[in-house]
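Data block for input22.txt (compact mmCIF, C-alpha atoms):
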# COMPACT_ATOMS: atom_id res chain seq x y z
CA MET A 203 -9.16 0.80 14.85
CA THR A 204 -6.53 2.13 12.48
CA ALA A 205 -5.60 0.33 9.29
CA TYR A 206 -3.58 1.42 6.30
CA PHE A 207 -4.55 1.47 2.65
CA GLY A 208 -1.99 1.74 -0.09
CA ARG A 209 -2.35 2.40 -3.79
CA ARG A 210 0.25 2.52 -6.55
CA TYR A 211 0.05 4.78 -9.60
CA ALA A 212 2.19 4.96 -12.74
CA LEU A 213 3.58 8.25 -13.98
CA SER A 214 6.00 8.80 -16.86
CA ALA A 215 7.95 12.03 -17.02
CA SER A 216 11.27 13.53 -18.01
CA HIS A 217 13.68 15.55 -15.95
CA ARG A 218 17.19 16.90 -15.78
CA LEU A 219 19.14 17.16 -12.54
CA HIS A 220 20.89 20.50 -12.72
CA THR A 221 21.24 23.44 -10.37
CA ALA A 222 22.18 27.00 -11.18
CA ALA A 223 24.05 27.02 -7.87
CA LEU A 224 26.81 24.91 -9.39
CA SER A 225 29.06 25.36 -12.41
CA SER A 226 28.75 23.10 -15.41
CA GLU A 227 31.62 20.98 -14.05
CA GLY A 228 30.06 21.01 -10.58
CA ASN A 229 26.73 19.74 -11.95
CA LYS A 230 28.53 17.05 -13.91
CA ALA A 231 30.45 16.01 -10.79
CA VAL A 232 27.33 15.76 -8.63
CA TYR A 233 24.67 14.52 -11.04
CA GLY A 234 26.72 12.71 -13.73
CA LYS A 235 24.65 11.64 -16.73
CA CYS A 236 21.47 12.80 -14.96
CA SER A 237 22.67 16.29 -15.82
CA ASN A 238 22.82 15.76 -19.60
CA PRO A 239 21.37 18.96 -21.08
CA ASN A 240 18.39 17.47 -22.90
CA GLY A 241 17.12 15.47 -19.95
CA HIS A 242 15.88 11.90 -19.81
CA GLY A 243 12.79 10.12 -18.52
CA HIS A 244 11.51 7.50 -16.11
CA ASN A 245 8.46 5.38 -15.52
CA TYR A 246 7.80 6.41 -11.96
CA VAL A 247 5.59 4.55 -9.52
CA VAL A 248 3.87 6.72 -6.92
CA GLU A 249 2.71 4.81 -3.84
CA VAL A 250 0.24 6.60 -1.58
CA LEU A 251 -0.32 5.20 1.94
CA VAL A 252 -3.39 6.39 3.85
CA SER A 253 -4.27 5.57 7.47
CA GLY A 254 -7.62 5.75 9.17
CA ALA A 255 -10.42 3.93 10.89
CA VAL A 256 -12.08 1.14 8.90
CA ASP A 257 -15.62 2.32 8.18
CA PRO A 258 -17.84 -0.45 9.61
CA GLU A 259 -20.40 0.01 6.83
CA THR A 260 -18.00 -0.28 3.91
CA GLY A 261 -15.00 -2.08 5.39
CA MET A 262 -12.82 0.65 3.91
CA VAL A 263 -10.27 3.17 5.16
CA VAL A 264 -10.76 5.22 2.02
CA HIS A 265 -12.86 4.59 -1.07
CA LEU A 266 -10.54 3.57 -3.87
CA THR A 267 -12.29 5.52 -6.62
CA GLU A 268 -12.44 8.69 -4.52
CA LEU A 269 -8.73 8.37 -3.73
CA ASP A 270 -8.01 7.77 -7.42
CA GLU A 271 -9.90 10.93 -8.39
CA VAL A 272 -7.86 13.05 -5.97
CA VAL A 273 -4.49 11.53 -6.92
CA HIS A 274 -5.25 11.88 -10.61
CA ALA A 275 -6.45 15.47 -10.27
CA GLN A 276 -3.60 16.60 -8.02
CA VAL A 277 -0.66 14.53 -9.24
CA ILE A 278 -1.04 12.27 -12.26
CA ASP A 279 -2.79 14.76 -14.55
CA ARG A 280 -0.23 17.37 -13.55
CA PHE A 281 2.99 15.41 -14.03
CA ASP A 282 2.30 12.47 -16.34
CA HIS A 283 3.98 12.84 -19.75
CA THR A 284 5.49 16.19 -18.82
CA ASN A 285 8.94 17.62 -18.29
CA LEU A 286 9.19 18.02 -14.51
CA ASN A 287 11.73 20.86 -14.79
CA LEU A 288 9.11 23.05 -16.47
CA ASP A 289 6.50 22.66 -13.72
CA PRO A 290 6.28 25.82 -11.56
CA LEU A 291 6.89 23.69 -8.45
CA PHE A 292 10.36 22.82 -9.79
CA LEU A 293 11.40 26.29 -10.92
CA ASN A 294 13.58 26.67 -7.83
CA ARG A 295 13.96 22.99 -6.96
CA VAL A 296 15.96 20.26 -8.62
CA PRO A 297 13.49 17.52 -9.68
CA THR A 298 15.26 14.74 -7.87
CA THR A 299 12.96 11.95 -6.79
CA GLU A 300 13.45 13.10 -3.19
CA ASN A 301 11.96 16.46 -4.14
CA LEU A 302 9.26 14.85 -6.26
CA SER A 303 8.14 12.79 -3.27
CA LYS A 304 8.03 15.95 -1.11
CA VAL A 305 6.08 17.88 -3.74
CA ILE A 306 3.55 15.07 -4.19
CA TYR A 307 3.17 14.71 -0.42
CA ALA A 308 2.38 18.43 -0.16
CA LEU A 309 -0.13 18.25 -3.03
CA LEU A 310 -2.00 15.35 -1.42
CA LYS A 311 -1.82 16.34 2.25
CA GLY A 312 -5.18 17.86 3.07
CA ALA A 313 -6.72 16.79 -0.25
CA LEU A 314 -7.65 13.20 0.68
CA PRO A 315 -11.35 12.31 0.79
CA THR A 316 -10.93 10.48 4.12
CA GLY A 317 -8.02 9.28 6.26
CA GLU A 318 -4.57 10.69 6.88
CA LEU A 319 -1.69 10.69 4.46
CA VAL A 320 1.06 8.49 5.95
CA HIS A 321 3.63 8.58 3.19
CA VAL A 322 4.26 9.11 -0.47
CA ARG A 323 6.81 6.76 -1.96
CA VAL A 324 8.14 7.47 -5.41
CA GLU A 325 10.00 4.72 -7.23
CA GLU A 326 12.20 6.16 -9.95
CA THR A 327 13.31 2.74 -11.18
CA GLU A 328 12.86 -0.74 -9.79
CA ASN A 329 15.97 -0.18 -7.71
CA ASN A 330 15.57 3.39 -6.43
CA PHE A 331 12.80 4.71 -4.28
CA PHE A 332 12.23 7.68 -2.02
CA GLU A 333 9.67 8.25 0.68
CA CYS A 334 8.27 11.40 2.24
CA SER A 335 6.26 11.18 5.47
CA GLY A 336 5.89 14.92 6.01
CA GLU A 337 7.92 17.26 8.19
CA MET B 228 15.77 -4.16 15.95
CA ILE B 229 15.33 -6.20 12.80
CA TYR B 230 12.16 -6.53 10.74
CA LEU B 231 11.87 -9.78 8.86
CA THR B 232 9.18 -10.27 6.22
CA ARG B 233 7.87 -13.46 4.71
CA ARG B 234 5.78 -13.16 1.54
CA THR B 235 3.19 -15.79 0.59
CA THR B 236 0.36 -15.89 -1.93
CA PHE B 237 -3.19 -17.13 -1.95
CA SER B 238 -6.07 -16.99 -4.39
CA ALA B 239 -9.65 -16.43 -3.33
CA SER B 240 -12.97 -15.05 -4.47
CA HIS B 241 -15.16 -12.47 -2.77
CA TYR B 242 -17.74 -9.76 -3.30
CA TYR B 243 -18.59 -6.56 -1.43
CA TRP B 244 -22.09 -6.39 -0.02
CA ASN B 245 -23.56 -4.69 3.02
CA PRO B 246 -26.76 -6.57 3.93
CA ALA B 247 -28.09 -3.49 5.76
CA TRP B 248 -28.20 -1.57 2.46
CA SER B 249 -30.46 -1.72 -0.59
CA GLU B 250 -29.22 -3.32 -3.76
CA GLU B 251 -29.05 0.13 -5.31
CA LYS B 252 -26.84 1.53 -2.57
CA ASN B 253 -24.55 -1.50 -2.67
CA ARG B 254 -24.15 -1.00 -6.42
CA GLN B 255 -23.55 2.71 -6.00
CA VAL B 256 -20.83 2.31 -3.34
CA PHE B 257 -19.17 -0.91 -4.41
CA GLY B 258 -19.71 -0.91 -8.19
CA ARG B 259 -18.64 -4.11 -9.91
CA CYS B 260 -17.25 -5.45 -6.64
CA ALA B 261 -20.91 -5.98 -5.60
CA ASN B 262 -21.66 -8.53 -8.34
CA ARG B 263 -23.24 -11.31 -6.32
CA ASN B 264 -21.51 -14.21 -8.03
CA GLY B 265 -18.19 -12.84 -6.82
CA HIS B 266 -14.86 -12.42 -8.50
CA GLY B 267 -11.34 -13.39 -7.51
CA HIS B 268 -7.81 -12.17 -6.93
CA ASN B 269 -4.31 -13.50 -6.55
CA TYR B 270 -3.46 -12.02 -3.18
CA THR B 271 -0.03 -11.55 -1.68
CA LEU B 272 0.27 -11.71 2.10
CA GLU B 273 3.33 -10.17 3.72
CA VAL B 274 3.96 -10.90 7.38
CA THR B 275 6.59 -8.82 9.17
CA ILE B 276 8.15 -9.95 12.45
CA GLU B 277 10.11 -7.60 14.67
CA GLY B 278 12.89 -8.76 16.97
CA GLU B 279 16.60 -9.08 17.66
CA PRO B 280 18.62 -11.79 15.90
CA ASP B 281 19.23 -14.76 18.16
CA PRO B 282 22.93 -14.71 19.18
CA VAL B 283 23.34 -18.40 18.38
CA THR B 284 21.31 -18.82 15.17
CA GLY B 285 21.35 -15.25 13.84
CA PHE B 286 17.61 -15.59 13.19
CA VAL B 287 14.86 -13.22 14.31
CA VAL B 288 12.53 -16.12 13.75
CA ASP B 289 12.88 -19.43 11.96
CA LEU B 290 11.54 -18.92 8.45
CA LYS B 291 10.26 -22.45 8.10
CA TRP B 292 8.34 -22.06 11.36
CA LEU B 293 6.93 -18.77 10.09
CA ARG B 294 5.93 -20.29 6.76
CA ASP B 295 4.24 -23.22 8.51
CA THR B 296 2.45 -20.84 10.90
CA ILE B 297 1.11 -18.66 8.07
CA GLU B 298 0.04 -21.78 6.20
CA ARG B 299 -1.74 -23.27 9.23
CA GLU B 300 -3.39 -20.11 10.58
CA VAL B 301 -4.30 -18.26 7.37
CA LEU B 302 -3.69 -19.97 4.05
CA SER B 303 -5.32 -23.28 4.96
CA ALA B 304 -8.55 -21.35 5.66
CA TRP B 305 -8.41 -18.76 2.87
CA ASP B 306 -6.57 -20.18 -0.14
CA HIS B 307 -8.87 -21.24 -3.00
CA ARG B 308 -11.95 -20.32 -0.97
CA HIS B 309 -14.86 -17.95 -1.40
CA LEU B 310 -14.20 -15.51 1.43
CA ASN B 311 -17.85 -14.47 1.92
CA LEU B 312 -19.16 -18.02 1.93
CA GLU B 313 -16.44 -20.13 3.50
CA VAL B 314 -14.39 -17.99 5.86
CA PRO B 315 -15.97 -17.50 9.31
CA GLU B 316 -14.85 -13.91 9.90
CA PHE B 317 -16.61 -12.78 6.74
CA ALA B 318 -19.78 -14.84 7.03
CA ALA B 319 -22.79 -12.51 6.88
CA THR B 320 -25.92 -12.57 8.93
CA ASP B 321 -29.14 -10.92 7.75
CA SER B 322 -28.02 -7.46 8.80
CA VAL B 323 -24.32 -7.47 9.61
CA ALA B 324 -21.29 -8.47 7.64
CA THR B 325 -17.59 -7.89 7.84
CA ILE B 326 -17.02 -7.14 4.19
CA PRO B 327 -13.89 -8.88 2.87
CA THR B 328 -12.17 -5.69 1.76
CA THR B 329 -8.40 -5.65 1.67
CA GLU B 330 -8.44 -3.62 4.90
CA ASN B 331 -10.52 -6.25 6.69
CA LEU B 332 -8.37 -9.07 5.29
CA ALA B 333 -5.29 -7.41 6.80
CA ILE B 334 -7.02 -7.13 10.19
CA ALA B 335 -8.30 -10.72 10.02
CA ALA B 336 -4.88 -12.10 9.05
CA TRP B 337 -3.33 -10.22 11.98
CA ARG B 338 -5.84 -11.71 14.41
CA ARG B 339 -5.22 -15.21 13.09
CA LEU B 340 -1.44 -14.86 13.38
CA LYS B 341 -1.05 -12.86 16.57
CA PRO B 342 -1.52 -15.65 19.17
CA SER B 343 1.03 -17.97 17.51
CA VAL B 344 3.57 -15.31 16.67
CA SER B 345 3.46 -13.79 20.14
CA GLY B 346 4.70 -17.17 21.37
CA ALA B 347 7.90 -16.99 19.36
CA ASP B 348 11.08 -16.24 21.35
CA GLY B 349 11.48 -12.50 21.80
CA ALA B 350 9.90 -11.74 18.45
CA HIS B 351 6.54 -10.24 17.78
CA LEU B 352 4.20 -9.45 14.94
CA SER B 353 4.93 -6.01 13.54
CA ARG B 354 2.83 -5.68 10.43
CA VAL B 355 0.56 -7.62 8.09
CA ARG B 356 0.17 -6.36 4.56
CA VAL B 357 -2.26 -7.81 2.00
CA TYR B 358 -1.98 -7.01 -1.71
CA GLU B 359 -5.22 -7.51 -3.63
CA THR B 360 -3.45 -6.58 -6.87
CA PRO B 361 0.11 -5.29 -7.33
CA GLU B 362 -1.35 -1.76 -7.14
CA ILE B 363 -3.68 -2.10 -4.15
CA PHE B 364 -2.73 -3.09 -0.62
CA ALA B 365 -3.82 -2.69 2.98
CA GLU B 366 -1.82 -2.96 6.13
CA PHE B 367 -2.56 -3.53 9.81
CA ARG B 368 -0.13 -2.85 12.65
CA GLY B 369 -2.19 -4.01 15.58
CA GLU B 370 -4.96 -3.07 17.95
CA PRO B 371 -4.56 0.14 19.97
Is it possible to express this structure as structure tokens?
Amino acid sequence: MTAYFGRRYALSASHRLHTAALSSEGNKAVYGKCSNPNGHGHNYVVEVLVSGAVDPETGMVVHLTELDEVVHAQVIDRFDHTNLNLDPLFLNRVPTTENLSKVIYALLKGALPTGELVHVRVEETENNFFECSGE
Amino acid sequence: MIYLTRRTTFSASHYYWNPAWSEEKNRQVFGRCANRNGHGHNYTLEVTIEGEPDPVTGFVVDLKWLRDTIEREVLSAWDHRHLNLEVPEFAATDSVATIPTTENLAIAAWRRLKPSVSGADGAHLSRVRVYETPEIFAEFRGEP
């Protein structure tokens, strides 16, 4: 019987939305103040949703502390209190929250202790969020 | 198709313990959650109903009816209770227990709600989500 387990993590990072494919005016037109040269930051919330059978012995889809270890090792330790633009994964990718959700999905897919990754939701602010459920 | 969600809260205590295991193994797997005197949470229960808005009322389901149904079927049995000791679906025997994890609470809430909600006009239960804390939740979308 499939159930879903979700866990939310906090991550603070800076970024600048800017692409070399556009002129300075083009970047300003598309990204507005998100393109200011020195960047800015957010307190992101990363929600990880895992599906799987409920283990009859533990009552769990995935053990919380094992999931935490994976998410910290793969995602939080990598991005928390960093400048996202400087991470190799964003060298050729604008660190929009859409792309951050895709990158985090890819880092976690296949790394979970048990269960299947259903989605990664990244909340950039209380009012903006983005979800990646894979290809 | 519209998905309508009603959010309610309840407070309860519980502990995690598998009676088929040694004390040592329970402690190893469940950590502090295995403390036998229990501990408590402020839970949030979200119930999502799927259906088309009624052409006359514009409602998928009447929210007061939904609130009363959640109250009668779930909250009256769970709120301000010790889940392991007072709630039938989590009562342990000598060797078997349904441990009141967030996953099992989501399944149990679904089973309590399903018969009543299936009776509502054209609407049916889509999802039950239980938050144990703002950072931890489990969801159930029905039996296969």
Just want the 8 Å neighbourhood of Leu219 of chain A, counted on all atoms listed in the file, with same-chain residues fewer than 5 positions away dropped. Output as an MDAnalysis selection string. chainID A and resid 233 236:237 241 296:298
Give the residues of chain B that lie within 6 Å of chain A; count all atoms listed in the file, and format the answer as a PyMOL selection string. chain B and resi 326+328+362-367
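If only C-alpha atoms are the atoms counted, then among B:Glu298, B:Leu312, B:Trp248, B:Ala319 the closest residue to Ser343 of chain B is B:Glu298.
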Distance of atom CA of Thr299 of chain A from atom CA of Tyr246 of chain A, expressed in Å to one decimal place: 9.2 Å
Up to 10 Å from (8.9, -18.6, 5.8) in the file's coordinates: name the residues, counting all atoms listed in the file, as an NGL selection string. :B and (231-235 or 274 or 288-298)
Serialized selection, C-alpha atoms, as a PDB file, in the coordinates of the input:
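Saved to result-v6.pdb:
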ATOM      1  CA  LEU B 231      11.870  -9.780   8.860  1.00  0.00           C
ATOM      2  CA  THR B 232       9.180 -10.270   6.220  1.00  0.00           C
ATOM      3  CA  ARG B 233       7.870 -13.460   4.710  1.00  0.00           C
ATOM      4  CA  ARG B 234       5.780 -13.160   1.540  1.00  0.00           C
ATOM      5  CA  THR B 235       3.190 -15.790   0.590  1.00  0.00           C
ATOM      6  CA  VAL B 274       3.960 -10.900   7.380  1.00  0.00           C
ATOM      7  CA  VAL B 288      12.530 -16.120  13.750  1.00  0.00           C
ATOM      8  CA  ASP B 289      12.880 -19.430  11.960  1.00  0.00           C
ATOM      9  CA  LEU B 290      11.540 -18.920   8.450  1.00  0.00           C
ATOM     10  CA  LYS B 291      10.260 -22.450   8.100  1.00  0.00           C
ATOM     11  CA  TRP B 292       8.340 -22.060  11.360  1.00  0.00           C
ATOM     12  CA  LEU B 293       6.930 -18.770  10.090  1.00  0.00           C
ATOM     13  CA  ARG B 294       5.930 -20.290   6.760  1.00  0.00           C
ATOM     14  CA  ASP B 295       4.240 -23.220   8.510  1.00  0.00           C
ATOM     15  CA  THR B 296       2.450 -20.840  10.900  1.00  0.00           C
ATOM     16  CA  ILE B 297       1.110 -18.660   8.070  1.00  0.00           C
ATOM     17  CA  GLU B 298       0.040 -21.780   6.200  1.00  0.00           C
TER      18      GLU B 298
END
Please identify all polymer residues lying at most 9 Å from the point (-14.0, -17.1, 3.7) (file coordinates), using only C-alpha atoms, and present the result as a ChimeraX atom specification. /B:239-241,304-306,308-318,327
Residue neighbourhood Leu302 of chain A, 9 Å, all atoms listed in the file, exclusion window fewer than 6 positions, as a list of chain:residue names: A:Leu286, A:Phe292, A:Val296, A:Val324, A:Phe332
